[in-house]
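Have a look at target.txt; it's compact mmCIF, C-alpha atoms:
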# COMPACT_ATOMS: atom_id res chain seq x y z
CA MET A 1 -15.33 -40.58 -7.23
CA HIS A 2 -13.46 -40.13 -3.96
CA ALA A 3 -10.28 -38.04 -4.10
CA ARG A 4 -8.25 -40.92 -2.68
CA GLU A 5 -9.48 -43.23 -5.42
CA LEU A 6 -8.35 -40.68 -7.98
CA ARG A 7 -4.87 -40.84 -6.50
CA SER A 8 -4.54 -44.56 -6.09
CA GLY A 9 -0.87 -45.54 -6.18
CA SER A 10 0.28 -42.20 -4.72
CA GLU A 11 0.13 -43.27 -1.08
CA ASP A 12 3.89 -42.84 -0.62
CA LYS A 13 4.36 -39.71 -2.76
CA ILE A 14 5.43 -36.63 -0.80
CA LEU A 15 6.33 -33.41 -2.60
CA ARG A 16 8.79 -31.29 -0.63
CA PHE A 17 9.25 -27.56 -1.07
CA GLY A 18 11.66 -25.19 0.65
CA ALA A 19 9.98 -22.01 1.88
CA LYS A 20 10.48 -18.80 3.84
CA LEU A 21 8.07 -16.56 5.69
CA VAL A 22 6.93 -13.38 3.98
CA SER A 23 7.46 -10.98 6.86
CA SER A 24 8.81 -7.56 7.71
CA CYS A 25 10.47 -9.03 10.81
CA ASP A 26 14.19 -9.68 10.26
CA ILE A 27 14.17 -12.75 12.50
CA ASP A 28 11.27 -14.30 10.60
CA LYS A 29 12.92 -13.60 7.24
CA ASP A 30 15.83 -15.87 8.17
CA ARG A 31 13.67 -18.82 9.19
CA GLU A 32 13.57 -21.74 6.76
CA PHE A 33 10.80 -24.28 6.34
CA VAL A 34 9.96 -27.44 4.44
CA ILE A 35 6.38 -27.74 3.19
CA ASN A 36 5.35 -31.35 2.62
CA PHE A 37 2.45 -32.02 0.26
CA TYR A 38 1.01 -35.54 0.41
CA VAL A 39 -0.26 -36.37 -3.06
CA TYR A 40 -2.58 -39.14 -1.89
CA ASP A 41 -4.98 -36.96 0.07
CA SER A 42 -3.79 -33.35 -0.50
CA THR A 43 -2.81 -32.91 3.14
CA ILE A 44 0.05 -30.63 4.11
CA SER A 45 2.56 -30.49 6.93
CA VAL A 46 5.19 -27.84 7.61
CA TYR A 47 8.57 -28.40 9.29
CA GLU A 48 10.93 -25.64 10.43
CA VAL A 49 14.58 -26.30 9.64
CA PRO A 50 16.79 -26.04 12.76
CA LYS A 51 19.34 -23.23 12.84
CA ILE A 52 22.13 -22.95 15.37
CA ASN A 53 21.75 -20.05 17.81
CA SER A 54 18.62 -18.79 16.09
CA GLY A 55 16.63 -18.61 19.29
CA MET A 56 13.67 -20.21 17.52
CA ARG A 57 12.13 -23.59 18.27
CA ALA A 58 12.56 -25.71 15.17
CA GLY A 59 10.84 -28.96 14.26
CA MET A 60 7.18 -29.56 13.45
CA PHE A 61 5.52 -26.23 12.67
CA LEU A 62 2.20 -27.57 11.40
CA GLY A 63 0.92 -31.12 11.73
CA ARG A 64 -0.41 -32.96 8.72
CA GLY A 65 -3.92 -32.02 7.60
CA LEU A 66 -5.96 -30.23 4.97
CA VAL A 67 -5.18 -26.52 4.82
CA VAL A 68 -8.05 -24.10 4.33
CA ALA A 69 -7.23 -21.52 1.67
CA GLY A 70 -7.42 -17.83 2.46
CA ALA A 71 -10.06 -15.47 1.16
CA GLY A 72 -10.03 -15.00 -2.60
CA HIS A 73 -8.22 -18.28 -3.19
CA VAL A 74 -8.91 -19.96 -6.53
CA ALA A 75 -8.15 -23.67 -6.69
CA GLY A 76 -5.86 -24.84 -9.49
CA ALA A 77 -7.07 -26.87 -12.45
CA GLY A 78 -7.62 -30.50 -11.59
CA HIS A 79 -7.79 -29.74 -7.88
CA VAL A 80 -9.45 -32.70 -6.18
CA ALA A 81 -9.05 -31.87 -2.51
CA GLY A 82 -12.21 -29.80 -2.64
CA ALA A 83 -12.74 -26.10 -3.17
CA GLY A 84 -11.35 -23.95 -0.42
CA HIS A 85 -8.26 -26.03 0.34
CA VAL A 86 -4.64 -25.40 -0.63
CA GLY A 87 -3.72 -27.99 -3.27
CA GLY A 88 -0.70 -29.16 -5.17
CA GLN A 89 -1.31 -26.60 -7.92
CA ASP A 90 -0.78 -23.86 -5.34
CA LEU A 91 2.71 -25.09 -4.44
CA TYR A 92 5.51 -24.33 -6.88
CA VAL A 93 8.81 -22.45 -6.83
CA GLY A 94 8.03 -18.76 -6.60
CA ALA A 95 4.50 -19.19 -5.25
CA VAL A 96 3.18 -17.24 -2.28
CA VAL A 97 0.79 -19.32 -0.21
CA THR A 98 -1.01 -18.74 3.08
CA ILE A 99 -0.99 -21.66 5.51
CA ASN A 100 -2.84 -21.15 8.79
CA SER A 101 -2.48 -17.34 8.62
CA HIS A 102 1.27 -17.59 7.89
CA VAL A 103 2.36 -16.36 4.47
CA PHE A 104 5.11 -18.41 2.84
CA ARG A 105 7.12 -17.88 -0.32
CA VAL A 106 8.15 -21.17 -1.91
CA THR A 107 11.87 -20.94 -2.71
CA SER A 108 12.88 -24.41 -3.87
CA ALA A 109 11.85 -28.00 -4.53
CA ASP A 110 13.87 -31.20 -4.37
CA GLN A 111 14.71 -33.25 -7.46
CA PHE A 112 12.00 -35.83 -6.85
CA THR A 113 9.38 -33.10 -6.55
CA LEU A 114 10.48 -31.30 -9.72
CA GLN A 115 10.45 -34.53 -11.69
CA TYR A 116 7.06 -35.57 -10.30
CA LEU A 117 5.52 -32.21 -11.20
CA GLU A 118 6.88 -32.43 -14.74
CA GLU A 119 5.73 -36.03 -15.20
CA HIS A 120 2.22 -35.02 -14.10
CA ALA A 121 2.10 -31.67 -15.88
CA ASP A 122 -1.60 -32.09 -16.63
CA GLN A 123 -2.23 -31.81 -12.89
CA PHE A 124 0.45 -29.17 -12.19
CA PRO A 125 0.23 -26.39 -14.81
CA GLN A 126 3.29 -24.57 -13.50
CA ALA A 127 5.41 -27.56 -14.54
CA ASN A 128 3.85 -27.85 -17.99
CA TYR A 129 6.64 -27.27 -20.50
CA ASN A 130 4.42 -26.17 -23.38
CA VAL A 131 2.57 -23.66 -21.23
CA ALA A 132 5.85 -22.26 -19.91
CA LEU A 133 7.33 -22.14 -23.41
CA ASP A 134 4.40 -20.19 -24.83
CA GLU A 135 4.54 -17.74 -21.95
CA ALA A 136 8.30 -17.22 -22.27
CA ARG A 137 8.08 -16.72 -26.05
CA ARG A 138 5.58 -13.91 -25.50
CA CYS A 139 8.01 -12.21 -23.13
CA LEU A 140 11.32 -12.53 -25.02
CA ASP A 141 12.14 -10.93 -28.35
CA HIS A 142 14.94 -11.83 -30.75
CA HIS A 143 17.43 -9.35 -29.26
CA GLN A 144 16.84 -10.61 -25.73
CA LEU A 145 17.35 -14.19 -26.86
CA ALA A 146 20.55 -13.28 -28.69
CA ASP A 147 21.79 -11.56 -25.53
CA LEU A 148 20.90 -14.64 -23.47
CA LEU A 149 22.83 -16.84 -25.87
CA HIS A 150 25.87 -14.54 -25.71
CA ARG A 151 25.81 -14.51 -21.91
CA LEU A 152 25.66 -18.29 -21.68
CA ALA A 153 28.30 -18.79 -24.38
CA ALA A 154 30.62 -16.49 -22.42
CA ARG A 155 30.43 -19.02 -19.55
CA ASP A 156 31.28 -21.86 -21.91
CA PRO A 157 34.95 -21.30 -22.77
CA ASP A 158 35.30 -24.72 -24.42
CA LYS A 159 32.35 -23.97 -26.74
CA SER A 160 30.77 -27.28 -25.79
CA GLY A 161 27.22 -25.93 -25.99
CA PHE A 162 26.63 -26.84 -22.34
CA VAL A 163 26.64 -24.95 -19.04
CA SER A 164 25.59 -25.96 -15.55
CA THR A 165 21.88 -26.17 -14.84
CA SER A 166 22.11 -23.62 -12.03
CA LEU A 167 23.83 -21.12 -14.34
CA ALA A 168 21.22 -21.60 -17.07
CA VAL A 169 18.37 -21.16 -14.58
CA ALA A 170 19.91 -17.94 -13.23
CA ALA A 171 20.50 -16.51 -16.72
CA LEU A 172 17.00 -17.30 -17.98
CA ALA A 173 15.40 -16.02 -14.77
CA SER A 174 17.30 -12.76 -15.22
CA ALA A 175 16.16 -12.45 -18.84
CA LEU A 176 12.55 -13.05 -17.76
CA GLY A 177 12.71 -10.82 -14.69
CA GLY A 178 9.63 -8.68 -14.25
CA THR A 179 7.51 -10.83 -16.57
CA THR A 180 4.64 -13.19 -15.80
CA VAL A 181 6.86 -16.27 -16.11
CA THR A 182 7.29 -17.89 -12.69
CA GLN A 183 10.44 -19.36 -11.18
CA GLN A 184 8.90 -22.80 -11.49
CA GLN A 185 8.33 -22.26 -15.21
CA VAL A 186 11.93 -21.14 -15.65
CA LYS A 187 13.12 -24.36 -14.02
CA THR A 188 10.74 -26.37 -16.19
CA LEU A 189 12.10 -24.76 -19.37
CA VAL A 190 15.72 -25.33 -18.43
CA ARG A 191 15.28 -28.85 -17.11
CA ARG A 192 13.82 -30.06 -20.41
CA HIS A 193 17.28 -29.53 -21.94
CA ARG A 194 19.40 -30.91 -19.11
CA GLN A 195 21.75 -33.86 -19.29
CA GLU A 196 23.52 -35.75 -16.57
CA ARG A 197 27.07 -36.74 -17.41
CA PRO A 198 29.50 -38.84 -15.37
CA ARG A 199 31.87 -36.88 -13.15
CA PRO A 200 34.07 -39.50 -11.52
CA LEU A 201 36.75 -38.63 -9.02
CA THR A 202 40.01 -37.65 -10.73
CA ARG A 203 43.40 -39.19 -10.19
CA HIS A 204 44.31 -36.17 -8.06
CA ASN A 205 41.17 -36.65 -5.96
CA LEU A 206 41.95 -40.32 -5.40
CA THR A 207 45.63 -39.89 -4.48
CA HIS A 208 44.59 -37.04 -2.17
CA LEU A 209 42.02 -39.24 -0.44
CA THR A 210 44.51 -42.08 -0.13
CA ALA A 211 47.40 -39.98 1.20
CA LEU A 212 45.31 -38.14 3.77
CA HIS A 213 43.69 -41.35 5.02
CA LEU A 214 47.12 -42.97 5.37
CA LYS A 215 48.31 -39.90 7.29
CA ARG A 216 45.34 -40.03 9.65
CA HIS A 217 46.26 -43.64 10.47
CA ASN A 218 49.99 -42.81 10.60
CA PHE A 219 50.57 -45.59 8.08
CA GLU A 220 54.24 -46.18 7.27
CA GLY A 221 53.98 -48.95 4.68
CA VAL A 222 54.48 -46.93 1.49
CA GLN A 223 58.24 -47.50 1.49
CA ASP A 224 57.67 -51.24 1.82
CA LEU A 225 55.32 -51.03 -1.16
CA ILE A 226 57.82 -49.32 -3.45
CA SER A 227 60.60 -51.68 -2.38
CA GLY A 228 58.45 -54.69 -3.19
CA LEU A 229 57.43 -53.26 -6.57
CA ARG A 230 61.03 -52.47 -7.52
CA GLY A 231 61.88 -56.09 -6.84
CA ARG A 232 59.19 -57.16 -9.33
CA ASP A 233 60.38 -54.65 -11.96
CA VAL A 234 63.19 -56.83 -13.31
CA GLU A 235 63.57 -54.71 -16.44
CA GLY A 236 63.73 -51.45 -14.49
CA ARG A 237 61.04 -49.74 -16.59
CA GLY A 238 59.26 -48.14 -13.65
CA ARG A 239 55.97 -49.67 -14.84
CA LEU A 240 54.20 -52.87 -13.86
CA PRO A 241 50.88 -54.53 -14.75
CA SER A 242 47.97 -53.02 -12.84
CA GLY A 243 47.06 -56.41 -11.35
CA THR A 244 50.55 -56.75 -9.89
CA VAL A 245 50.47 -53.26 -8.36
CA ARG A 246 46.95 -53.79 -6.97
CA ALA A 247 47.96 -57.08 -5.32
CA ALA A 248 51.12 -55.54 -3.85
CA LEU A 249 49.18 -52.59 -2.43
CA LYS A 250 46.62 -54.84 -0.79
CA ALA A 251 49.41 -57.07 0.57
CA ILE A 252 50.79 -54.31 2.80
CA ARG A 253 47.33 -54.07 4.46
CA PRO A 254 46.73 -50.32 4.16
CA PRO A 255 43.76 -48.82 6.06
CA LEU A 256 41.87 -48.32 2.79
CA THR A 257 38.68 -49.84 1.42
CA SER A 258 38.84 -52.15 -1.58
CA THR A 259 36.70 -49.63 -3.45
CA LEU A 260 39.29 -46.88 -2.99
CA ILE A 261 42.21 -49.16 -3.87
CA ASP A 262 40.55 -50.34 -7.08
CA ALA A 263 39.56 -46.80 -8.10
CA LEU A 264 43.09 -45.52 -7.36
CA ILE A 265 44.78 -48.21 -9.46
CA ASN A 266 42.30 -47.76 -12.31
CA SER A 267 42.93 -43.99 -12.38
CA MET A 268 46.67 -44.56 -12.79
CA THR A 269 46.50 -47.37 -15.34
CA GLU A 270 47.52 -46.74 -18.95
CA ASP A 271 47.62 -49.60 -21.43
CA GLY A 272 47.32 -52.03 -18.55
CA GLN A 273 50.44 -50.63 -16.82
CA VAL A 274 50.94 -48.46 -13.74
CA ASP A 275 53.77 -46.02 -13.11
CA TYR A 276 54.31 -47.39 -9.62
CA LYS A 277 56.91 -44.80 -8.69
CA ALA A 278 54.42 -42.00 -9.36
CA LEU A 279 51.77 -43.91 -7.44
CA CYS A 280 53.96 -44.30 -4.36
CA ARG A 281 55.12 -40.69 -4.54
CA GLU A 282 51.58 -39.32 -4.76
CA VAL A 283 50.14 -41.40 -1.91
CA ASP A 284 53.10 -40.99 0.45
CA TRP A 285 51.82 -38.38 2.89
CA ARG A 286 55.36 -37.68 4.10
CA CYS A 287 56.16 -36.36 0.64
CA ARG A 288 53.15 -34.02 0.76
CA PRO A 289 53.80 -31.64 3.65
CA ASN A 290 50.99 -29.30 2.62
CA ILE A 291 48.29 -31.95 2.49
CA HIS A 292 45.11 -30.75 4.15
CA ASP A 293 41.59 -31.95 4.90
CA ASN A 294 39.90 -30.52 1.81
CA LEU A 295 38.58 -33.91 0.75
CA PRO A 296 36.36 -34.40 -2.31
CA CYS A 297 34.35 -36.88 -0.21
CA GLN A 298 34.60 -39.02 2.91
CA VAL A 299 36.46 -42.34 2.82
CA ASP A 300 33.62 -44.55 4.07
CA GLU A 301 32.28 -47.04 1.54
CA SER A 302 28.93 -45.38 0.82
CA SER A 303 30.47 -41.91 0.34
CA LEU A 304 33.10 -43.32 -1.99
CA VAL A 305 30.60 -45.21 -4.10
CA GLU A 306 28.42 -42.10 -4.39
CA ALA A 307 31.40 -39.93 -5.37
CA LEU A 308 32.73 -42.48 -7.87
CA THR A 309 29.36 -42.63 -9.61
CA GLY A 310 28.70 -38.90 -9.38
CA VAL A 311 27.29 -36.91 -12.28
CA VAL A 312 27.42 -33.30 -13.40
CA ASP A 313 24.14 -31.59 -14.26
CA LEU A 314 24.44 -29.71 -17.58
CA VAL A 315 22.07 -27.91 -19.94
CA ASP A 316 22.19 -27.74 -23.75
CA TYR A 317 21.70 -23.98 -23.80
CA VAL A 318 21.90 -23.65 -27.59
CA THR A 319 18.85 -25.86 -28.07
CA LEU A 320 17.12 -24.13 -25.17
CA VAL A 321 17.51 -20.71 -26.77
CA ALA A 322 16.49 -22.02 -30.18
CA ASP A 323 13.39 -23.56 -28.64
CA LEU A 324 12.54 -20.28 -26.95
CA GLU A 325 12.82 -18.53 -30.29
CA GLY A 326 10.38 -20.99 -31.78
CA SER A 327 12.70 -22.38 -34.43
CA ALA A 328 14.59 -25.59 -35.05
CA SER A 329 17.98 -25.88 -33.42
CA THR A 330 19.59 -25.21 -36.82
CA HIS A 331 18.34 -21.61 -36.76
CA HIS A 332 20.93 -18.88 -37.16
CA LEU A 333 21.02 -18.30 -33.40
CA ALA A 334 22.08 -21.85 -32.73
CA GLY A 335 24.51 -21.73 -35.65
CA SER A 336 25.81 -18.28 -34.88
CA GLY A 337 29.37 -19.46 -34.29
CA LEU A 338 29.16 -18.77 -30.58
CA VAL A 339 29.49 -22.49 -29.84

Let me see the file written as structure tokens.
Amino acid sequence: MHARELRSGSEDKILRFGAKLVSSCDIDKDREFVINFYVYDSTISVYEVPKINSGMRAGMFLGRGLVVAGAGHVAGAGHVAGAGHVGGQDLYVGAVVTINSHVFRVTSADQFTLQYLEEHADQFPQANYNVALDEARRCLDHHQLADLLHRLAARDPDKSGFVSTSLAVAALASALGGTTVTQQQVKTLVRRHRQERPRPLTRHNLTHLTALHLKRHNFEGVQDLISGLRGRDVEGRGRLPSGTVRAALKAIRPPLTSTLIDALINSMTEDGQVDYKALCREVDWRCRPNIHDNLPCQVDESSLVEALTGVVDLVDYVTLVADLEGSASTHHLAGSGLV
């Protein structure tokens, strides 16, 4: 069967890996590349990432085509591009691969690529969780695992059982340093235990965005807003229904998107009420002389939507360590009282 028939449905799948040259030349060491692997036909292209004042011509480094493997190359399992060509099994984080006489070390992979490799682990052994787990278990003893758990727990002051994915990857890579476990396998092990949790913009973030945007437009309507709201507060409680405050804010025509206004009001609403005095004080840029441009995101609609729906990438490190030990998560390591 033709290789392309084997990969039907993968016409638009491109795996992207960050890479650097393996070279003794200082200039070459600083150059950064993106290696594109086209799943459909196993072709490869290489792009050099532009760097300001580097003196190097960036852009297309190698046009798309099959790459002949160097001498002594052994094709990975399931390789369908034909013997003697660099295939997808040769590209993974930590790999050293020769492309047209240039030696590259693969340093990273984007999220789509990592997920694709893991979903097709039968074709990409380096992203096979069970293979990585068996290899790691052979390299780590009980004392090393206990030390790993202590190190991660020390970075978890709330004893939640979770740390950032990047921290877990770094800690496990350090524990497995000098072993046969590859960087790709470390990522595969950690990513199995990751969770994405919402991380919306905070009230402080939103008032900061609002105040700075009003300052940039030299908007002077905040005093009109508080005067209008005081007139509606007939009982003098300093609190009004969120719908009333939202309507009053939009009525003064501030240079803000509806998305930001709605998010701002929602962040300051408790039991359906808004402390409008606090709202006006926090968004009045004249009351914040030290306001600066350290924004959590831009104020355009797409940036706001992305920030408002943002997530934090965490890893259940207790279960990860228990899995590495080869026991259920109720093992004494997981229940050691560290978390």

Exercise. What lies within 8 Å of segment 128-134 of chain A using all atoms listed in the file, ignoring chain neighbours under 5 positions off, as a ChimeraX atom specification?
Worked result: /A:118,121-122,181,185-186,188-189,192,324

Put those residues in a file: C-alpha atoms, as a compact mmCIF listing (two decimals), in the coordinates of the input.
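Once everything was written out, this is again37.txt:
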# COMPACT_ATOMS: atom_id res chain seq x y z
CA GLU A 118 6.88 -32.43 -14.74
CA ALA A 121 2.10 -31.67 -15.88
CA ASP A 122 -1.60 -32.09 -16.63
CA VAL A 181 6.86 -16.27 -16.11
CA GLN A 185 8.33 -22.26 -15.21
CA VAL A 186 11.93 -21.14 -15.65
CA THR A 188 10.74 -26.37 -16.19
CA LEU A 189 12.10 -24.76 -19.37
CA ARG A 192 13.82 -30.06 -20.41
CA LEU A 324 12.54 -20.28 -26.95

Problem set entry | Close residues, segment 243-253 of chain A itself excluded, 12 Å, only C-alpha atoms, min 6 positions apart in chain, as number ranges by chain | A: 210, 214, 219-233, 259-269, 272-280, 283

Problem set entry | Atomic separation - atom CA of Asp271 of chain A relative to atom CA of Arg286 of chain A, Å | 29.2 Å

Exercise. Leaving out Ala154 of chain A and any residue of its chain fewer than 4 positions from it, which residues lie within 12 Å of it when counting all atoms listed in the file, given as a ChimeraX atom specification?
Worked result: /A:147-150,158-163,167-168,171,317,338-339

Restricted to C-alpha atoms, what would the selected residues look like written as a short mmCIF file (atom, residue, chain, number, x, y, z; two decimals), in the frame of the given file?
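Just written: result-v2.cif:
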data_model
loop_
_atom_site.label_atom_id
_atom_site.label_comp_id
_atom_site.auth_asym_id
_atom_site.auth_seq_id
_atom_site.Cartn_x
_atom_site.Cartn_y
_atom_site.Cartn_z
CA ASP A 147 21.79 -11.56 -25.53
CA LEU A 148 20.90 -14.64 -23.47
CA LEU A 149 22.83 -16.84 -25.87
CA HIS A 150 25.87 -14.54 -25.71
CA ASP A 158 35.30 -24.72 -24.42
CA LYS A 159 32.35 -23.97 -26.74
CA SER A 160 30.77 -27.28 -25.79
CA GLY A 161 27.22 -25.93 -25.99
CA PHE A 162 26.63 -26.84 -22.34
CA VAL A 163 26.64 -24.95 -19.04
CA LEU A 167 23.83 -21.12 -14.34
CA ALA A 168 21.22 -21.60 -17.07
CA ALA A 171 20.50 -16.51 -16.72
CA TYR A 317 21.70 -23.98 -23.80
CA LEU A 338 29.16 -18.77 -30.58
CA VAL A 339 29.49 -22.49 -29.84
#

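Straight-line separation from atom CA of Ile44 of chain A to atom CA of Gly65 of chain A: 5.5 Å.
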
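In this model, the gap between atom CA of Arg105 of chain A and atom CA of Ala170 of chain A comes to 18.2 Å.
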
For this session: Would you kindly return, as a ChimeraX atom specification, each protein, DNA or RNA residue with an atom no farther than 10 Å from any atom of Asp110 of chain A, considering only C-alpha atoms and excluding same-chain residues fewer than 5 positions away?
Result: /A:15-18,115
